[in-house]
$ cat target37.json   # JSON, C-alpha atoms
[["chain", "number", "residue", "atom", "x", "y", "z"],
["A", 1, "MET", "CA", 0.00, 0.00, 0.00],
["A", 2, "THR", "CA", 1.53, 3.34, -1.03],
["A", 3, "SER", "CA", 1.09, 6.52, 0.97],
["A", 4, "THR", "CA", -1.47, 7.78, -1.59],
["A", 5, "ASP", "CA", -3.56, 4.64, -1.02],
["A", 6, "GLN", "CA", -3.76, 5.20, 2.74],
["A", 7, "PRO", "CA", -7.15, 6.27, 4.07],
["A", 8, "THR", "CA", -7.66, 9.78, 5.41],
["A", 9, "GLU", "CA", -8.27, 9.91, 9.14],
["A", 10, "ARG", "CA", -9.69, 12.67, 11.32],
["A", 11, "HIS", "CA", -7.62, 13.46, 14.45],
["A", 12, "THR", "CA", -8.07, 15.75, 17.44],
["A", 13, "ILE", "CA", -4.73, 17.13, 18.65],
["A", 14, "ALA", "CA", -4.18, 19.08, 21.89],
["A", 15, "VAL", "CA", -1.18, 21.41, 21.97],
["A", 16, "LEU", "CA", 0.15, 23.26, 25.04],
["A", 17, "VAL", "CA", 1.90, 26.47, 23.95],
["A", 18, "ALA", "CA", 3.36, 29.66, 25.38],
["A", 19, "ASN", "CA", 0.68, 32.32, 25.77],
["A", 20, "GLU", "CA", 2.47, 35.04, 23.84],
["A", 21, "PRO", "CA", 1.87, 37.05, 20.67],
["A", 22, "GLY", "CA", 2.55, 35.24, 17.40],
["A", 23, "VAL", "CA", 2.31, 31.65, 18.66],
["A", 24, "LEU", "CA", -1.06, 30.95, 17.05],
["A", 25, "ALA", "CA", 0.24, 32.44, 13.78],
["A", 26, "ARG", "CA", 3.22, 30.04, 13.88],
["A", 27, "VAL", "CA", 0.97, 27.03, 14.45],
["A", 28, "ILE", "CA", -1.38, 28.06, 11.65],
["A", 29, "GLY", "CA", 1.62, 28.81, 9.43],
["A", 30, "LEU", "CA", 2.89, 25.28, 9.95],
["A", 31, "PHE", "CA", -0.40, 23.93, 8.58],
["A", 32, "SER", "CA", -0.82, 26.35, 5.70],
["A", 33, "GLY", "CA", 2.83, 26.19, 4.64],
["A", 34, "ARG", "CA", 2.64, 22.43, 4.19],
["A", 35, "GLY", "CA", -0.88, 22.29, 2.74],
["A", 36, "TYR", "CA", -2.47, 20.64, 5.80],
["A", 37, "ASN", "CA", -6.11, 21.41, 6.52],
["A", 38, "ILE", "CA", -7.50, 22.62, 9.85],
["A", 39, "GLU", "CA", -11.15, 21.57, 10.26],
["A", 40, "SER", "CA", -11.50, 23.19, 13.68],
["A", 41, "LEU", "CA", -9.24, 25.26, 15.93],
["A", 42, "THR", "CA", -9.87, 26.58, 19.44],
["A", 43, "VAL", "CA", -7.45, 28.29, 21.79],
["A", 44, "SER", "CA", -7.59, 29.68, 25.31],
["A", 45, "GLU", "CA", -5.24, 30.43, 28.19],
["A", 46, "VAL", "CA", -5.31, 27.51, 30.63],
["A", 47, "ASP", "CA", -2.28, 28.12, 32.86],
["A", 48, "GLU", "CA", -2.00, 31.66, 34.19],
["A", 49, "VAL", "CA", 1.07, 31.04, 36.36],
["A", 50, "ASN", "CA", 3.21, 29.71, 33.52],
["A", 51, "ALA", "CA", 1.50, 31.76, 30.76],
["A", 52, "ARG", "CA", 0.38, 28.76, 28.72],
["A", 53, "SER", "CA", -2.53, 28.27, 26.33],
["A", 54, "ARG", "CA", -4.13, 25.12, 25.02],
["A", 55, "ILE", "CA", -4.90, 24.79, 21.33],
["A", 56, "THR", "CA", -7.27, 22.07, 20.17],
["A", 57, "ILE", "CA", -6.91, 21.29, 16.48],
["A", 58, "VAL", "CA", -9.10, 18.93, 14.45],
["A", 59, "THR", "CA", -7.34, 17.94, 11.25],
["A", 60, "SER", "CA", -7.39, 15.10, 8.78],
["A", 61, "GLY", "CA", -4.84, 13.27, 6.67],
["A", 62, "THR", "CA", -3.21, 9.93, 6.09],
["A", 63, "PRO", "CA", -1.51, 8.32, 9.10],
["A", 64, "MET", "CA", 1.85, 9.50, 7.71],
["A", 65, "VAL", "CA", 0.60, 13.10, 7.40],
["A", 66, "ILE", "CA", -0.81, 13.06, 10.96],
["A", 67, "GLU", "CA", 2.57, 11.84, 12.28],
["A", 68, "GLN", "CA", 4.32, 14.63, 10.35],
["A", 69, "ILE", "CA", 1.92, 17.22, 11.80],
["A", 70, "LYS", "CA", 2.57, 16.04, 15.37],
["A", 71, "ALA", "CA", 6.35, 15.93, 14.87],
["A", 72, "GLN", "CA", 6.43, 19.41, 13.32],
["A", 73, "LEU", "CA", 4.19, 20.84, 16.06],
["A", 74, "ALA", "CA", 6.47, 19.38, 18.74],
["A", 75, "ARG", "CA", 9.49, 21.09, 17.12],
["A", 76, "LEU", "CA", 7.99, 24.59, 17.23],
["A", 77, "VAL", "CA", 9.78, 26.71, 19.84],
["A", 78, "PRO", "CA", 6.72, 27.89, 21.84],
["A", 79, "VAL", "CA", 5.19, 24.37, 22.02],
["A", 80, "TYR", "CA", 5.52, 22.52, 25.35],
["A", 81, "ASP", "CA", 3.42, 19.41, 24.74],
["A", 82, "VAL", "CA", 1.48, 17.69, 21.93],
["A", 83, "HIS", "CA", -1.15, 14.98, 22.44],
["A", 84, "ASP", "CA", -3.05, 13.16, 19.70],
["A", 85, "LEU", "CA", -6.25, 12.52, 21.64],
["A", 86, "THR", "CA", -7.57, 10.29, 18.86],
["A", 87, "MET", "CA", -4.60, 7.90, 19.20],
["A", 88, "GLU", "CA", -4.13, 8.07, 22.97],
["A", 89, "GLY", "CA", -7.49, 6.58, 23.87],
["A", 90, "PRO", "CA", -11.01, 7.68, 24.69],
["A", 91, "HIS", "CA", -11.63, 11.40, 24.77],
["A", 92, "VAL", "CA", -14.57, 13.76, 25.01],
["A", 93, "GLY", "CA", -15.05, 16.43, 22.33],
["A", 94, "ARG", "CA", -17.73, 19.10, 22.29],
["A", 95, "GLU", "CA", -18.49, 22.33, 20.53],
["A", 96, "MET", "CA", -21.02, 25.06, 21.06],
["A", 97, "ALA", "CA", -23.10, 26.74, 18.38],
["A", 98, "LEU", "CA", -25.41, 29.71, 18.22],
["A", 99, "VAL", "CA", -28.03, 29.10, 15.54],
["A", 100, "LYS", "CA", -30.33, 31.90, 14.43],
["A", 101, "ILE", "CA", -33.41, 30.95, 12.43],
["A", 102, "ARG", "CA", -35.81, 33.36, 10.81],
["A", 103, "ASN", "CA", -39.25, 31.93, 10.12],
["A", 104, "SER", "CA", -42.95, 32.28, 10.91],
["A", 105, "GLY", "CA", -46.15, 30.32, 11.44],
["A", 106, "GLU", "CA", -46.03, 26.54, 11.85],
["A", 107, "ALA", "CA", -42.28, 26.51, 11.09],
["A", 108, "ARG", "CA", -41.68, 28.39, 14.39],
["A", 109, "ILE", "CA", -43.52, 25.72, 16.36],
["A", 110, "GLU", "CA", -41.53, 22.99, 14.58],
["A", 111, "ALA", "CA", -38.25, 24.85, 15.28],
["A", 112, "LEU", "CA", -39.09, 24.91, 19.01],
["A", 113, "ARG", "CA", -40.01, 21.20, 18.95],
["A", 114, "ILE", "CA", -36.71, 20.27, 17.25],
["A", 115, "ALA", "CA", -34.76, 22.51, 19.63],
["A", 116, "ASN", "CA", -36.37, 20.73, 22.58],
["A", 117, "THR", "CA", -35.42, 17.33, 21.12],
["A", 118, "PHE", "CA", -31.79, 18.45, 20.74],
["A", 119, "ARG", "CA", -31.78, 20.16, 24.17],
["A", 120, "ALA", "CA", -31.01, 23.50, 22.55],
["A", 121, "ARG", "CA", -31.88, 26.59, 24.58],
["A", 122, "ALA", "CA", -33.66, 29.57, 23.07],
["A", 123, "ILE", "CA", -31.53, 32.51, 24.23],
["A", 124, "ASP", "CA", -33.18, 35.19, 22.07],
["A", 125, "SER", "CA", -36.58, 35.47, 20.45],
["A", 126, "THR", "CA", -38.43, 37.97, 18.28],
["A", 127, "LEU", "CA", -41.72, 37.63, 16.46],
["A", 128, "GLU", "CA", -39.84, 36.31, 13.42],
["A", 129, "SER", "CA", -36.67, 34.68, 14.77],
["A", 130, "PHE", "CA", -35.02, 32.54, 17.43],
["A", 131, "VAL", "CA", -31.40, 32.21, 18.50],
["A", 132, "PHE", "CA", -30.66, 28.77, 19.92],
["A", 133, "GLU", "CA", -27.61, 27.75, 21.96],
["A", 134, "LEU", "CA", -26.56, 24.13, 21.47],
["A", 135, "THR", "CA", -23.65, 22.05, 22.74],
["A", 136, "GLY", "CA", -22.62, 18.59, 21.66],
["A", 137, "ASP", "CA", -20.41, 16.67, 19.30],
["A", 138, "THR", "CA", -19.96, 17.89, 15.73],
["A", 139, "GLY", "CA", -22.48, 15.39, 14.34],
["A", 140, "LYS", "CA", -25.22, 16.60, 16.68],
["A", 141, "ILE", "CA", -24.58, 20.25, 15.78],
["A", 142, "ASP", "CA", -24.58, 19.41, 12.05],
["A", 143, "ALA", "CA", -27.86, 17.46, 12.34],
["A", 144, "PHE", "CA", -29.55, 20.32, 14.21],
["A", 145, "ILE", "CA", -28.45, 22.87, 11.61],
["A", 146, "ASP", "CA", -29.64, 20.63, 8.75],
["A", 147, "LEU", "CA", -33.11, 20.41, 10.32],
["A", 148, "MET", "CA", -33.27, 24.16, 10.97],
["A", 149, "ILE", "CA", -32.32, 24.92, 7.34],
["A", 150, "SER", "CA", -35.47, 23.11, 6.22],
["A", 151, "LEU", "CA", -37.55, 25.51, 8.36],
["A", 152, "GLY", "CA", -36.22, 28.93, 7.39],
["A", 153, "GLU", "CA", -33.25, 31.18, 6.80],
["A", 154, "VAL", "CA", -30.36, 30.21, 9.12],
["A", 155, "GLU", "CA", -27.20, 31.92, 10.41],
["A", 156, "VAL", "CA", -24.62, 29.96, 12.43],
["A", 157, "SER", "CA", -21.69, 30.79, 14.71],
["A", 158, "ARG", "CA", -19.67, 27.82, 16.04],
["A", 159, "THR", "CA", -16.87, 27.59, 18.57],
["A", 160, "GLY", "CA", -15.01, 24.65, 17.08],
["A", 161, "VAL", "CA", -14.18, 21.48, 18.97],
["A", 162, "VAL", "CA", -12.74, 21.46, 22.48],
["A", 163, "ALA", "CA", -11.58, 18.07, 23.70],
["A", 164, "ILE", "CA", -9.98, 16.34, 26.67],
["A", 165, "ALA", "CA", -8.88, 12.77, 27.39],
["A", 166, "ARG", "CA", -11.14, 10.57, 29.49],
["A", 167, "GLY", "CA", -9.90, 8.85, 32.63],
["A", 168, "GLU", "CA", -7.82, 9.78, 35.63],
["A", 169, "HIS", "CA", -4.56, 10.72, 33.86],
["A", 170, "VAL", "CA", -3.99, 14.49, 33.54],
["A", 171, "HIS", "CA", -1.80, 15.16, 30.49],
["A", 172, "MET", "CA", -1.64, 18.96, 30.70],
["A", 173, "PRO", "CA", -2.11, 19.98, 34.38],
["A", 174, "LEU", "CA", -3.65, 23.35, 35.20],
["A", 175, "VAL", "CA", -1.88, 25.79, 37.48],
["A", 176, "ARG", "CA", -3.65, 28.87, 38.79],
["A", 177, "LYS", "CA", -2.48, 31.73, 40.94],
["A", 178, "ALA", "CA", -4.12, 31.83, 44.34],
["A", 179, "LYS", "CA", -6.51, 34.76, 44.56],
["A", 180, "PRO", "CA", -5.33, 37.38, 47.06],
["A", 181, "ALA", "CA", -7.34, 37.61, 50.27],
["A", 182, "ARG", "CA", -9.71, 40.55, 50.38],
["A", 183, "ARG", "CA", -8.79, 43.21, 52.86],
["A", 184, "LYS", "CA", -11.56, 44.82, 54.83],
["A", 185, "SER", "CA", -11.75, 48.57, 54.52],
["A", 186, "LYS", "CA", -11.08, 50.59, 57.63],
["A", 187, "LYS", "CA", -14.69, 51.81, 57.69],
["A", 188, "ALA", "CA", -16.10, 48.27, 57.42],
["A", 189, "SER", "CA", -13.95, 47.11, 60.35],
["A", 190, "GLU", "CA", -15.17, 50.00, 62.49],
["A", 191, "ASP", "CA", -18.85, 49.05, 62.02]]

$ encode --input "target37.json" --output "structure tokens"
Amino acid sequence: MTSTDQPTERHTIAVLVANEPGVLARVIGLFSGRGYNIESLTVSEVDEVNARSRITIVTSGTPMVIEQIKAQLARLVPVYDVHDLTMEGPHVGREMALVKIRNSGEARIEALRIANTFRARAIDSTLESFVFELTGDTGKIDAFIDLMISLGEVEVSRTGVVAIARGEHVHMPLVRKAKPARRKSKKASED
């Protein structure tokens, strides 16, 4: 089997990086410079003490391409740790979406019924529209959007996938600064 005959696989990769300007651009540059696709990307500071952020990337490629991606990510200077959650065992992945639908009449009732089935919350409503908040795996979000499209004009904003390994092992431990104790004001202590 040649490398072109290998099947394409979808992988979720967690990357612990320095929380500093330009790091995300370097990670994205690694992908774009080599023609790799990013299906989803989320990033947020997770370790305030050590100024570290966690990037969750969903990408796809042959097993050889995925190995190249992980090796090249690990070589980037601001990268501290790389974990292929897909290969390392069971993991949980979720995303959040805000879905606005504009419709009227019976289609509004059906939109509410479908939202209830998917456990989506209506967070905004007008006489001609709803905005629903929905969390779940990518397939659930896609299915909800497909059903809403059949009921009216739809606009979508999605977070992208966030993921973490299941089980008791902590791959990328969190460190937080202790919050300073509140000092009572002089007036409050006199009362």

$ residues_near_point --input "target37.json" --point "(5.4, 18.2, 20.1)" --cutoff "12 Å" --atoms "only C-alpha atoms" --output "list of chain:residue names"
A:Ile13, A:Ala14, A:Val15, A:Leu16, A:Val17, A:Val27, A:Glu67, A:Gln68, A:Ile69, A:Lys70, A:Ala71, A:Gln72, A:Leu73, A:Ala74, A:Arg75, A:Leu76, A:Val77, A:Pro78, A:Val79, A:Tyr80, A:Asp81, A:Val82, A:His83, A:Asp84

$ residues_around --input "target37.json" --residues "segment 146-155 of chain A" --least-positions-apart "6" --cutoff "9 Å" --atoms "all atoms listed in the file" --output "PyMOL selection string"
chain A and resi 98-104+107-108+110-111+114-115

$ closest_residue --input "target37.json" --among "A:Gly61, A:Gly93, A:Gly29, A:Pro173" --to "Thr159 of chain A" --atoms "all atoms listed in the file"
A:Gly93

$ residues_around --input "target37.json" --residues "segment 54-56 of chain A" --least-positions-apart "3" --cutoff "9 Å" --atoms "only C-alpha atoms" --output "ChimeraX atom specification"
/A:12-19,24,40-47,160-163,172

$ closest_residue --input "target37.json" --among "A:Pro63, A:Gly89, A:Gly33, A:Gly139" --to "Ile164 of chain A" --atoms "all atoms listed in the file"
A:Gly89

$ closest_residue --input "target37.json" --among "A:Glu20, A:Ile141, A:Ser125, A:Val170" --to "Asn50 of chain A" --atoms "all atoms listed in the file"
A:Glu20

$ closest_residue --input "target37.json" --among "A:Leu30, A:Ala97, A:Met87, A:Ala165" --to "Ile145 of chain A" --atoms "all atoms listed in the file"
A:Ala97

$ atom_distance --input "target37.json" --atom1 "atom CA of Val175 of chain A" --atom2 "atom CA of Ser53 of chain A"
11.4 Å

$ atom_distance --input "target37.json" --atom1 "atom CA of Gly35 of chain A" --atom2 "atom CA of Asp5 of chain A"
18.2 Å

$ closest_residue --input "target37.json" --among "A:Arg113, A:Arg166, A:Arg119, A:Lys140" --to "Glu95 of chain A" --atoms "all atoms listed in the file"
A:Lys140

$ atom_distance --input "target37.json" --atom1 "atom CA of Asp142 of chain A" --atom2 "atom CA of Arg94 of chain A"
12.3 Å

$ residues_near_point --input "target37.json" --point "(-8.0, 20.0, 10.1)" --cutoff "8 Å" --atoms "only C-alpha atoms" --output "ChimeraX atom specification"
/A:10-11,36-41,57-60
